[in-house]
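S.K.: Just so it is clear, I am handing over entry.cif, which has mmCIF, C-alpha atoms and all ligand atoms.
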```cif
data_data
#
loop_
_atom_site.label_atom_id
_atom_site.label_comp_id
_atom_site.auth_asym_id
_atom_site.auth_seq_id
_atom_site.Cartn_x
_atom_site.Cartn_y
_atom_site.Cartn_z
CA MET A 93 -9.67 -15.69 -14.21
CA GLY A 94 -9.35 -14.53 -17.85
CA THR A 95 -11.20 -11.58 -19.30
CA ILE A 96 -13.83 -9.90 -17.13
CA ALA A 97 -16.65 -7.78 -18.58
CA VAL A 98 -18.63 -5.44 -16.38
CA LEU A 99 -22.15 -4.93 -17.71
CA GLY A 100 -23.22 -1.48 -16.52
CA ALA A 101 -20.24 0.60 -15.44
CA GLY A 102 -21.88 2.94 -12.92
CA LYS A 103 -20.67 3.46 -9.33
CA ILE A 104 -20.00 -0.14 -8.38
CA GLY A 105 -18.97 -1.23 -11.87
CA GLU A 106 -16.33 1.48 -11.97
CA ALA A 107 -15.20 0.65 -8.42
CA LEU A 108 -14.62 -2.97 -9.53
CA LEU A 109 -12.78 -1.98 -12.73
CA SER A 110 -10.64 0.54 -10.88
CA GLY A 111 -9.89 -1.91 -8.05
CA LEU A 112 -8.92 -4.65 -10.51
CA ILE A 113 -6.57 -2.29 -12.39
CA SER A 114 -4.95 -1.21 -9.08
CA ALA A 115 -4.60 -4.90 -8.18
CA GLY A 116 -2.54 -5.44 -11.34
CA LYS A 117 -5.11 -6.75 -13.82
CA SER A 118 -4.26 -5.48 -17.29
CA ALA A 119 -6.73 -3.19 -19.07
CA GLU A 120 -6.65 -5.62 -22.05
CA GLU A 121 -8.30 -8.27 -19.85
CA LEU A 122 -11.16 -5.98 -18.86
CA LEU A 123 -14.20 -4.79 -20.79
CA PHE A 124 -17.33 -2.89 -19.94
CA THR A 125 -20.71 -2.03 -21.43
CA GLU A 126 -22.34 1.32 -20.75
CA ARG A 127 -25.37 2.92 -22.36
CA HIS A 128 -24.15 6.53 -22.24
CA PRO A 129 -21.37 7.17 -24.81
CA GLU A 130 -19.93 10.11 -22.81
CA ARG A 131 -19.64 7.96 -19.69
CA ALA A 132 -18.03 5.16 -21.72
CA ALA A 133 -15.48 7.58 -23.20
CA GLU A 134 -14.70 8.96 -19.73
CA LEU A 135 -14.00 5.48 -18.33
CA THR A 136 -11.88 4.45 -21.33
CA GLU A 137 -9.86 7.64 -20.93
CA ARG A 138 -9.45 7.08 -17.17
CA TYR A 139 -8.54 3.36 -17.18
CA GLY A 140 -7.69 2.45 -20.79
CA ILE A 141 -10.43 -0.19 -20.75
CA ALA A 142 -12.46 -0.80 -23.93
CA SER A 143 -16.20 -0.24 -23.98
CA VAL A 144 -18.08 -2.87 -26.01
CA GLY A 145 -21.61 -4.05 -26.75
CA VAL A 146 -23.17 -6.94 -24.85
CA THR A 147 -22.63 -9.36 -27.76
CA GLU A 148 -18.89 -8.68 -27.86
CA ALA A 149 -18.66 -8.79 -24.07
CA ALA A 150 -20.30 -12.24 -24.03
CA LYS A 151 -18.02 -13.45 -26.83
CA ARG A 152 -14.74 -12.21 -25.35
CA ALA A 153 -15.16 -12.45 -21.57
CA GLU A 154 -14.91 -15.53 -19.34
CA VAL A 155 -16.69 -13.68 -16.53
CA LEU A 156 -19.74 -11.45 -17.08
CA VAL A 157 -20.37 -9.19 -14.08
CA VAL A 158 -23.87 -7.73 -14.00
CA ALA A 159 -23.77 -4.30 -12.33
CA VAL A 160 -26.94 -2.55 -13.50
CA LYS A 161 -29.64 -1.36 -11.10
CA PRO A 162 -32.08 -4.17 -10.21
CA GLN A 163 -34.81 -2.15 -11.95
CA ASP A 164 -32.84 -2.43 -15.25
CA ILE A 165 -32.23 -6.18 -15.14
CA GLU A 166 -34.99 -7.53 -17.41
CA PRO A 167 -33.91 -5.98 -20.74
CA LEU A 168 -30.30 -6.91 -20.02
CA LEU A 169 -31.20 -10.56 -19.33
CA ALA A 170 -33.29 -10.65 -22.52
CA GLU A 171 -30.23 -9.38 -24.43
CA LEU A 172 -27.90 -11.85 -22.71
CA ALA A 173 -30.07 -14.97 -23.09
CA PRO A 174 -29.11 -15.85 -26.67
CA LEU A 175 -25.42 -15.12 -25.98
CA VAL A 176 -24.63 -17.34 -22.98
CA GLY A 177 -24.49 -21.07 -22.24
CA PRO A 178 -23.19 -23.57 -19.69
CA GLY A 179 -19.59 -22.47 -20.47
CA SER A 180 -20.30 -18.88 -19.39
CA LEU A 181 -20.03 -17.48 -15.87
CA VAL A 182 -22.46 -14.76 -14.82
CA VAL A 183 -21.84 -12.83 -11.60
CA SER A 184 -24.68 -10.71 -10.25
CA LEU A 185 -23.85 -7.75 -8.01
CA CYS A 186 -27.49 -6.61 -7.96
CA ALA A 187 -29.19 -6.01 -4.62
CA GLY A 188 -32.07 -8.36 -4.00
CA LEU A 189 -31.96 -10.32 -7.25
CA PRO A 190 -31.85 -14.08 -6.62
CA THR A 191 -29.82 -16.44 -8.79
CA THR A 192 -33.11 -18.18 -9.68
CA LEU A 193 -34.16 -15.06 -11.63
CA TYR A 194 -31.08 -15.43 -13.86
CA GLU A 195 -31.62 -19.19 -14.11
CA ARG A 196 -35.21 -18.66 -15.26
CA ARG A 197 -34.36 -15.99 -17.84
CA LEU A 198 -31.12 -17.51 -19.24
CA PRO A 199 -30.74 -20.84 -21.04
CA ASP A 200 -30.38 -24.10 -19.10
CA ALA A 201 -27.37 -24.65 -16.84
CA VAL A 202 -25.77 -21.19 -17.13
CA PRO A 203 -23.68 -20.86 -13.94
CA VAL A 204 -24.58 -17.83 -11.85
CA VAL A 205 -22.89 -16.55 -8.69
CA ARG A 206 -24.54 -13.83 -6.60
CA ALA A 207 -22.02 -11.49 -5.00
CA MET A 208 -22.41 -8.40 -2.83
CA PRO A 209 -19.29 -6.19 -2.70
CA ASN A 210 -19.01 -2.58 -1.54
CA THR A 211 -17.39 0.58 -2.87
CA PRO A 212 -14.14 0.29 -0.84
CA MET A 213 -13.13 -1.95 -3.78
CA LEU A 214 -11.75 1.36 -5.04
CA VAL A 215 -9.00 1.20 -2.40
CA GLY A 216 -8.58 -2.60 -2.25
CA GLU A 217 -10.59 -2.82 0.99
CA ALA A 218 -13.94 -4.24 -0.14
CA MET A 219 -16.00 -6.63 1.90
CA SER A 220 -17.78 -9.06 -0.40
CA ALA A 221 -20.02 -12.06 0.16
CA VAL A 222 -20.64 -14.67 -2.53
CA SER A 223 -23.31 -17.36 -2.98
CA PRO A 224 -23.42 -19.91 -5.78
CA GLY A 225 -26.56 -20.50 -7.79
CA ARG A 226 -27.83 -23.92 -8.81
CA TYR A 227 -25.39 -24.51 -11.69
CA ALA A 228 -22.28 -22.85 -10.22
CA THR A 229 -19.52 -25.29 -9.26
CA ALA A 230 -16.84 -24.87 -6.60
CA GLU A 231 -14.51 -23.83 -9.43
CA HIS A 232 -16.89 -21.03 -10.47
CA VAL A 233 -17.10 -19.83 -6.87
CA ARG A 234 -13.30 -19.87 -6.63
CA THR A 235 -13.01 -17.75 -9.80
CA VAL A 236 -15.39 -15.14 -8.37
CA GLU A 237 -13.71 -15.23 -4.95
CA ASP A 238 -10.29 -14.76 -6.57
CA MET A 239 -11.58 -11.75 -8.49
CA LEU A 240 -13.11 -10.16 -5.37
CA ARG A 241 -10.19 -11.12 -3.09
CA SER A 242 -7.89 -9.08 -5.33
CA VAL A 243 -9.89 -5.99 -4.23
CA GLY A 244 -10.62 -6.86 -0.58
CA LYS A 245 -11.95 -9.60 1.65
CA VAL A 246 -14.50 -12.28 0.73
CA VAL A 247 -16.81 -14.65 2.60
CA GLU A 248 -19.18 -17.28 1.23
CA VAL A 249 -22.73 -17.21 2.65
CA PRO A 250 -25.93 -19.14 1.92
CA GLU A 251 -27.92 -17.15 -0.62
CA ALA A 252 -30.76 -16.73 1.91
CA GLN A 253 -28.42 -14.40 3.86
CA GLN A 254 -27.63 -12.11 0.92
CA ASP A 255 -30.39 -9.58 1.68
CA ALA A 256 -28.96 -9.16 5.19
CA VAL A 257 -25.42 -8.90 3.79
CA THR A 258 -26.59 -6.25 1.33
CA ALA A 259 -28.09 -4.20 4.18
CA LEU A 260 -25.03 -4.63 6.39
CA SER A 261 -21.87 -4.46 4.28
CA GLY A 262 -23.21 -3.62 0.79
CA SER A 263 -24.76 -0.41 2.11
CA GLY A 264 -22.46 -0.28 5.16
CA PRO A 265 -19.90 2.25 3.89
CA ALA A 266 -22.75 4.77 3.49
CA TYR A 267 -23.57 4.54 7.20
CA PHE A 268 -19.96 5.27 8.15
CA PHE A 269 -19.78 8.19 5.70
CA TYR A 270 -23.03 9.52 7.17
CA LEU A 271 -21.65 9.30 10.72
CA VAL A 272 -18.41 11.02 9.72
CA GLU A 273 -20.37 13.77 7.98
CA ALA A 274 -22.48 14.32 11.13
CA MET A 275 -19.40 14.32 13.37
CA ILE A 276 -17.71 16.94 11.17
CA ASP A 277 -20.86 19.05 11.56
CA ALA A 278 -20.49 18.66 15.33
CA GLY A 279 -16.96 20.05 15.05
CA ILE A 280 -18.34 23.06 13.16
CA LEU A 281 -20.99 23.50 15.88
CA LEU A 282 -18.20 23.60 18.47
CA GLY A 283 -16.40 26.29 16.47
CA LEU A 284 -13.61 24.31 14.78
CA PRO A 285 -12.56 25.20 11.23
CA ARG A 286 -14.03 22.66 8.76
CA ALA A 287 -10.65 21.45 7.53
CA VAL A 288 -9.50 20.79 11.09
CA ALA A 289 -12.77 19.02 12.00
CA GLU A 290 -12.45 16.83 8.87
CA GLN A 291 -8.86 15.87 9.65
CA LEU A 292 -9.69 15.07 13.29
CA ILE A 293 -12.65 12.86 12.42
CA VAL A 294 -11.26 11.10 9.34
CA GLN A 295 -8.03 10.14 11.14
CA SER A 296 -10.03 9.03 14.20
CA ALA A 297 -12.11 6.82 11.87
CA VAL A 298 -8.96 5.37 10.26
CA GLY A 299 -7.42 4.67 13.67
CA ALA A 300 -10.60 3.12 15.06
CA ALA A 301 -11.02 0.98 11.90
CA LYS A 302 -7.43 -0.28 12.19
CA MET A 303 -7.98 -1.26 15.83
CA LEU A 304 -11.22 -3.03 14.91
CA ALA A 305 -9.58 -4.82 11.98
CA GLN A 306 -6.80 -6.13 14.23
CA GLY A 307 -9.60 -7.97 16.01
CA SER A 308 -7.68 -8.49 19.23
CA GLU A 309 -10.42 -6.85 21.35
CA HIS A 310 -14.20 -6.74 21.09
CA PRO A 311 -15.66 -3.34 20.03
CA VAL A 312 -17.30 -3.01 23.46
CA LEU A 313 -13.90 -3.22 25.19
CA LEU A 314 -12.37 -0.74 22.74
CA ARG A 315 -15.22 1.68 23.48
CA GLU A 316 -14.89 1.15 27.24
CA ALA A 317 -11.19 1.97 27.07
CA VAL A 318 -12.08 5.43 25.72
CA THR A 319 -14.77 5.98 28.33
CA SER A 320 -13.08 7.38 31.43
CA PRO A 321 -14.97 7.44 34.76
CA ALA A 322 -16.92 10.72 35.12
CA GLY A 323 -15.26 11.84 31.90
CA THR A 324 -16.34 13.32 28.58
CA THR A 325 -17.12 10.17 26.57
CA ILE A 326 -19.77 8.82 28.93
CA ASN A 327 -21.64 12.12 28.64
CA ALA A 328 -21.69 11.66 24.87
CA ILE A 329 -22.76 8.02 25.16
CA ARG A 330 -25.67 9.02 27.41
CA GLU A 331 -26.89 11.38 24.67
CA LEU A 332 -26.49 8.69 21.98
CA GLU A 333 -28.61 6.33 24.11
CA ARG A 334 -31.15 9.06 24.91
CA HIS A 335 -31.58 9.74 21.18
CA GLY A 336 -31.98 6.06 20.37
CA VAL A 337 -28.98 5.82 18.04
CA ARG A 338 -28.57 2.06 18.60
CA ALA A 339 -32.28 1.44 17.91
CA ALA A 340 -32.07 3.74 14.88
CA LEU A 341 -29.21 1.66 13.44
CA LEU A 342 -31.11 -1.59 14.01
CA ALA A 343 -34.21 -0.15 12.32
CA ALA A 344 -32.20 1.38 9.47
CA ILE A 345 -30.41 -1.84 8.60
CA GLU A 346 -33.63 -3.82 8.87
CA ALA A 347 -35.26 -1.34 6.44
CA ALA A 348 -32.37 -1.82 4.00
CA ARG A 349 -32.81 -5.61 4.24
CA ASP A 350 -36.55 -5.22 3.57
CA ARG A 351 -35.84 -3.12 0.48
CA SER A 352 -33.44 -5.77 -0.83
CA VAL A 353 -36.16 -8.43 -0.42
CA GLU A 354 -38.65 -6.13 -2.18
CA LEU A 355 -36.27 -5.54 -5.13
CA GLY A 356 -36.06 -9.32 -5.60
CA ARG A 357 -39.84 -9.85 -5.30
CA ALA A 358 -40.45 -7.39 -8.14
CA HIS A 359 -39.11 -10.07 -10.51
CA GLU A 360 -40.81 -13.14 -9.06
CA ALA A 361 -42.98 -13.90 -12.11
N1 LIG A 401 -23.28 1.37 -5.30
C1 LIG A 401 -22.93 0.43 -4.43
O1 LIG A 401 -22.27 0.70 -3.40
C2 LIG A 401 -23.31 -1.00 -4.67
C3 LIG A 401 -24.18 -1.36 -5.69
N2 LIG A 401 -24.49 -2.69 -5.88
C4 LIG A 401 -25.40 -3.07 -6.97
O2 LIG A 401 -24.78 -2.73 -8.18
C5 LIG A 401 -25.77 -2.37 -9.13
C6 LIG A 401 -25.41 -1.00 -9.70
O3 LIG A 401 -25.47 -0.04 -8.66
P1 LIG A 401 -24.79 1.38 -8.85
O4 LIG A 401 -23.44 1.19 -9.46
O5 LIG A 401 -24.93 2.07 -7.56
O6 LIG A 401 -25.78 2.02 -9.94
P2 LIG A 401 -25.44 2.99 -11.12
O7 LIG A 401 -26.74 3.52 -11.62
O8 LIG A 401 -24.36 3.94 -10.73
O9 LIG A 401 -24.80 2.00 -12.23
C7 LIG A 401 -25.50 1.24 -13.15
C8 LIG A 401 -25.06 1.66 -14.53
O10 LIG A 401 -25.52 0.73 -15.50
C9 LIG A 401 -26.06 1.46 -16.60
N3 LIG A 401 -26.97 0.57 -17.33
C10 LIG A 401 -28.27 0.28 -17.10
N4 LIG A 401 -28.72 -0.64 -17.97
C11 LIG A 401 -27.68 -0.95 -18.77
C12 LIG A 401 -27.50 -1.83 -19.86
N5 LIG A 401 -28.51 -2.61 -20.30
N6 LIG A 401 -26.29 -1.91 -20.43
C13 LIG A 401 -25.27 -1.15 -20.00
N7 LIG A 401 -25.37 -0.28 -18.97
C14 LIG A 401 -26.55 -0.19 -18.37
C15 LIG A 401 -26.71 2.64 -15.93
O11 LIG A 401 -27.05 3.67 -16.81
P3 LIG A 401 -28.11 4.82 -16.32
O12 LIG A 401 -27.27 5.84 -15.63
O13 LIG A 401 -28.76 5.30 -17.56
O14 LIG A 401 -29.11 4.20 -15.38
C16 LIG A 401 -25.61 3.01 -14.94
O15 LIG A 401 -24.57 3.75 -15.56
C17 LIG A 401 -27.10 -2.38 -8.42
O16 LIG A 401 -27.80 -3.53 -8.78
C18 LIG A 401 -26.74 -2.37 -6.95
O17 LIG A 401 -27.68 -3.08 -6.18
C19 LIG A 401 -23.91 -3.67 -5.15
C20 LIG A 401 -23.05 -3.37 -4.14
C21 LIG A 401 -22.73 -2.01 -3.77
O1 LIG A 402 -28.22 1.19 -2.29
C1 LIG A 402 -28.23 0.16 -2.98
O2 LIG A 402 -29.29 -0.33 -3.39
C2 LIG A 402 -26.92 -0.52 -3.35
C3 LIG A 402 -26.88 -1.94 -2.86
C4 LIG A 402 -25.88 -1.97 -1.77
C5 LIG A 402 -25.28 -0.65 -1.81
N1 LIG A 402 -25.82 0.12 -2.70
#
```
Show how you would write the structure in this file as structure tokens.

M.R.:
Amino acid sequence: MGTIAVLGAGKIGEALLSGLISAGKSAEELLFTERHPERAAELTERYGIASVGVTEAAKRAEVLVVAVKPQDIEPLLAELAPLVGPGSLVVSLCAGLPTTLYERRLPDAVPVVRAMPNTPMLVGEAMSAVSPGRYATAEHVRTVEDMLRSVGKVVEVPEAQQDAVTALSGSGPAYFFYLVEAMIDAGILLGLPRAVAEQLIVQSAVGAAKMLAQGSEHPVLLREAVTSPAGTTINAIRELERHGVRAALLAAIEAARDRSVELGRAHEA
């Protein structure tokens, strides 16, 4: 895999760097670029990873991971263009941005892989999906998959599915955090101390996630097993249905997909 440089060490860039360090990658084989000196110093202090300029990153790293906001991509690609060639490997983590954007802005035949991870990289439990661009070989895809597999699970998908992936698993942890936050509030409403409500819900989430991850039973069956006849759970389910929670989730994830498409379209020219 060699040296990896993260260009733009914000939330997801830091999650990747932190996950790679926890997975045993040495700080000497990692680099990052960051435009705020205080943020750069904070990350170097926390992980022992050197902050460099884009030129040095391109010179020293085998893998260049682009982790800036989609809105910030154009100046970065203009900076990168004279520094990369067919021997480079560019990995884009940016929501919505197609590999063709990179291929248009960078010199001929620069291999690009589009990848969509999520923040559980921080704890080695990411879900990532990768899609090769036009010049990326199976070897390039393997390099990116190896990097992401060291911090979680990886699937390969056709690039046309990446906007849906972004809406589902890229943003997905936020939906779970939102649900947990709302369920803790429910505990407060019912008069439980906050610390107790938090412990009850977080451990219930961990337990439910472990059962789901085992994959031996479909989520519907797992839910039915909790739902006793004329019991408490079915009363709660009736309220969830009455308030359209399933439809809200469908609409929410569709809206996230639409935003991913829109972020890509902003760079069509
Ligand atoms: N957060 C997440 O869960 C996920 C995010 N992504 C994708 O990752 C990308 C980053 O998202 P996120 O980490 O949330 O955003 P952040 O804003 O936290 O991180 C981006 C960082 O890059 C910095 N930056 C911008 N331009 C440059 C540049 N030219 N050189 C160096 N640093 C630069 C930003 O500085 P400044 O603060 O000044 O803007 C910021 O610190 C996005 O494209 C997003 O779609 C993908 C999967 C999950
Ligand atoms: O909210 C966003 O745009 C990014 C992409 C996926 C998760 N966070």

S.K.: Which of these residues is nearest to ligand LIG 401 (chain A), using all atoms listed in the file: A:Leu284, A:Leu156, A:Leu189, A:Leu341?

M.R.: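 Using all atoms listed in the file, ligand LIG 401 (chain A) sits closest to A:Leu189.
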
S.K.: For CA of Ala107 (chain A) and atom C21 of ligand LIG 401 (chain A), quote the distance in Å rounded to one decimal.

M.R.: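 Separation between CA of Ala107 (chain A) and atom C21 of ligand LIG 401 (chain A): 9.2 Å.
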
S.K.: Kindly compile the residues surrounding ligand LIG 401 (chain A) within 6 Å, counting all atoms listed in the file, and format them as a ChimeraX atom specification.

M.R.: /A:99-105,125-127,159-162,164,168,185-187,208-211,262

S.K.: Now that the selection is made, can you save its residues with C-alpha atoms as a PDB file, in the coordinates of the input?

M.R.:
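Printed below is out-v6.pdb as written:
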```
ATOM      1  CA  LEU A  99     -22.150  -4.930 -17.710  1.00  0.00           C
ATOM      2  CA  GLY A 100     -23.220  -1.480 -16.520  1.00  0.00           C
ATOM      3  CA  ALA A 101     -20.240   0.600 -15.440  1.00  0.00           C
ATOM      4  CA  GLY A 102     -21.880   2.940 -12.920  1.00  0.00           C
ATOM      5  CA  LYS A 103     -20.670   3.460  -9.330  1.00  0.00           C
ATOM      6  CA  ILE A 104     -20.000  -0.140  -8.380  1.00  0.00           C
ATOM      7  CA  GLY A 105     -18.970  -1.230 -11.870  1.00  0.00           C
ATOM      8  CA  THR A 125     -20.710  -2.030 -21.430  1.00  0.00           C
ATOM      9  CA  GLU A 126     -22.340   1.320 -20.750  1.00  0.00           C
ATOM     10  CA  ARG A 127     -25.370   2.920 -22.360  1.00  0.00           C
ATOM     11  CA  ALA A 159     -23.770  -4.300 -12.330  1.00  0.00           C
ATOM     12  CA  VAL A 160     -26.940  -2.550 -13.500  1.00  0.00           C
ATOM     13  CA  LYS A 161     -29.640  -1.360 -11.100  1.00  0.00           C
ATOM     14  CA  PRO A 162     -32.080  -4.170 -10.210  1.00  0.00           C
ATOM     15  CA  ASP A 164     -32.840  -2.430 -15.250  1.00  0.00           C
ATOM     16  CA  LEU A 168     -30.300  -6.910 -20.020  1.00  0.00           C
ATOM     17  CA  LEU A 185     -23.850  -7.750  -8.010  1.00  0.00           C
ATOM     18  CA  CYS A 186     -27.490  -6.610  -7.960  1.00  0.00           C
ATOM     19  CA  ALA A 187     -29.190  -6.010  -4.620  1.00  0.00           C
ATOM     20  CA  MET A 208     -22.410  -8.400  -2.830  1.00  0.00           C
ATOM     21  CA  PRO A 209     -19.290  -6.190  -2.700  1.00  0.00           C
ATOM     22  CA  ASN A 210     -19.010  -2.580  -1.540  1.00  0.00           C
ATOM     23  CA  THR A 211     -17.390   0.580  -2.870  1.00  0.00           C
ATOM     24  CA  GLY A 262     -23.210  -3.620   0.790  1.00  0.00           C
TER      25      GLY A 262
END
```

S.K.: Figure out the distance between CA of Gln254 (chain A) and CA of Val182 (chain A), please, to one decimal in Å.

M.R.: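 It comes out at 16.8 Å.
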
S.K.: May I ask for the distance between CA of Arg241 (chain A) and CA of Ala173 (chain A), given in Å to one decimal place?

M.R.: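 So the answer is 28.5 Å.
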
S.K.: Looking at only C-alpha atoms, which of A:Val155, A:Ile345, A:Val247, A:Asp238 is the one that sits closest to Val202 (chain A)?

M.R.: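 Result for the nearest residue to Val202 (chain A): A:Val155.
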
S.K.: Restricting the calculation to all atoms listed in the file, which member of A:Ala358, A:His335, A:Pro265, A:Thr324 is positioned closest to ligand LIG 402 (chain A)?

M.R.: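 Closest to ligand LIG 402 (chain A), using all atoms listed in the file: A:Pro265.
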
S.K.: Tell me which protein, DNA and RNA residues are within 12 Å of Gln253 (chain A), counting all atoms listed in the file, leaving out same-chain ones fewer than 5 positions away, and put them as a list in words.

M.R.: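 Returned residues: Ala187, Gly188, Pro190, Arg206, Ala207, Met208, Ala221, Val222, Ser223, Val247, Glu248, Thr258, Ala259, Leu260, Ser261, Arg349, Ser352 and Val353 of chain A.
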
S.K.: Can you list, as a PyMOL selection string, every protein, DNA or RNA residue that comes within 9 Å of Asp350 (chain A) when you count all atoms listed in the file, leaving out same-chain residues fewer than 4 positions away?

M.R.: chain A and resi 255-256+259+345-346+354-355

S.K.: Keeping just C-alpha atoms, export region 100-163 of chain A of this structure as a tab-separated table (two decimals), in the first residue's frame.

M.R.:
```tsv
chain	number	residue	atom	x	y	z
A	100	GLY	CA	-8.06	17.68	3.67
A	101	ALA	CA	-7.95	16.25	7.17
A	102	GLY	CA	-11.40	17.21	8.45
A	103	LYS	CA	-13.92	14.78	9.97
A	104	ILE	CA	-13.56	11.91	7.52
A	105	GLY	CA	-9.88	12.53	6.81
A	106	GLU	CA	-9.10	12.29	10.50
A	107	ALA	CA	-11.32	9.20	10.88
A	108	LEU	CA	-9.28	7.49	8.12
A	109	LEU	CA	-5.91	8.52	9.60
A	110	SER	CA	-6.96	7.47	13.08
A	111	GLY	CA	-8.39	4.16	11.84
A	112	LEU	CA	-5.23	3.39	9.86
A	113	ILE	CA	-3.02	4.10	12.90
A	114	SER	CA	-5.22	1.84	15.08
A	115	ALA	CA	-4.97	-0.83	12.38
A	116	GLY	CA	-1.17	-0.78	12.73
A	117	LYS	CA	-0.08	1.54	9.92
A	118	SER	CA	2.96	3.52	11.03
A	119	ALA	CA	2.69	7.30	11.30
A	120	GLU	CA	5.77	7.56	9.02
A	121	GLU	CA	3.71	6.06	6.17
A	122	LEU	CA	0.94	8.62	6.55
A	123	LEU	CA	0.76	12.29	5.57
A	124	PHE	CA	-1.94	14.89	5.45
A	125	THR	CA	-2.57	18.37	4.07
A	126	GLU	CA	-4.72	20.85	5.96
A	127	ARG	CA	-5.24	24.55	5.36
A	128	HIS	CA	-5.55	25.61	9.02
A	129	PRO	CA	-2.17	25.50	10.81
A	130	GLU	CA	-3.79	25.04	14.26
A	131	ARG	CA	-5.77	22.04	13.02
A	132	ALA	CA	-2.63	20.58	11.41
A	133	ALA	CA	-0.67	20.99	14.67
A	134	GLU	CA	-3.50	19.35	16.64
A	135	LEU	CA	-3.52	16.29	14.35
A	136	THR	CA	0.28	15.95	14.36
A	137	GLU	CA	0.22	16.11	18.16
A	138	ARG	CA	-2.59	13.53	18.37
A	139	TYR	CA	-1.28	10.97	15.84
A	140	GLY	CA	2.37	11.86	15.17
A	141	ILE	CA	1.57	12.23	11.46
A	142	ALA	CA	3.36	14.94	9.45
A	143	SER	CA	1.41	17.72	7.79
A	144	VAL	CA	2.77	18.65	4.34
A	145	GLY	CA	1.89	20.74	1.30
A	146	VAL	CA	0.17	19.21	-1.73
A	147	THR	CA	3.43	19.13	-3.73
A	148	GLU	CA	5.22	17.09	-1.08
A	149	ALA	CA	2.19	14.85	-0.60
A	150	ALA	CA	2.12	14.07	-4.33
A	151	LYS	CA	5.88	13.43	-4.36
A	152	ARG	CA	6.00	11.14	-1.32
A	153	ALA	CA	2.68	9.26	-1.31
A	154	GLU	CA	1.64	6.27	-3.44
A	155	VAL	CA	-2.02	6.92	-2.61
A	156	LEU	CA	-3.59	10.39	-2.57
A	157	VAL	CA	-6.92	10.40	-0.73
A	158	VAL	CA	-9.07	13.43	-1.51
A	159	ALA	CA	-11.19	14.30	1.53
A	160	VAL	CA	-12.19	17.93	1.03
A	161	LYS	CA	-15.82	19.05	0.76
A	162	PRO	CA	-17.14	18.69	-2.81
A	163	GLN	CA	-17.51	22.48	-2.91
```
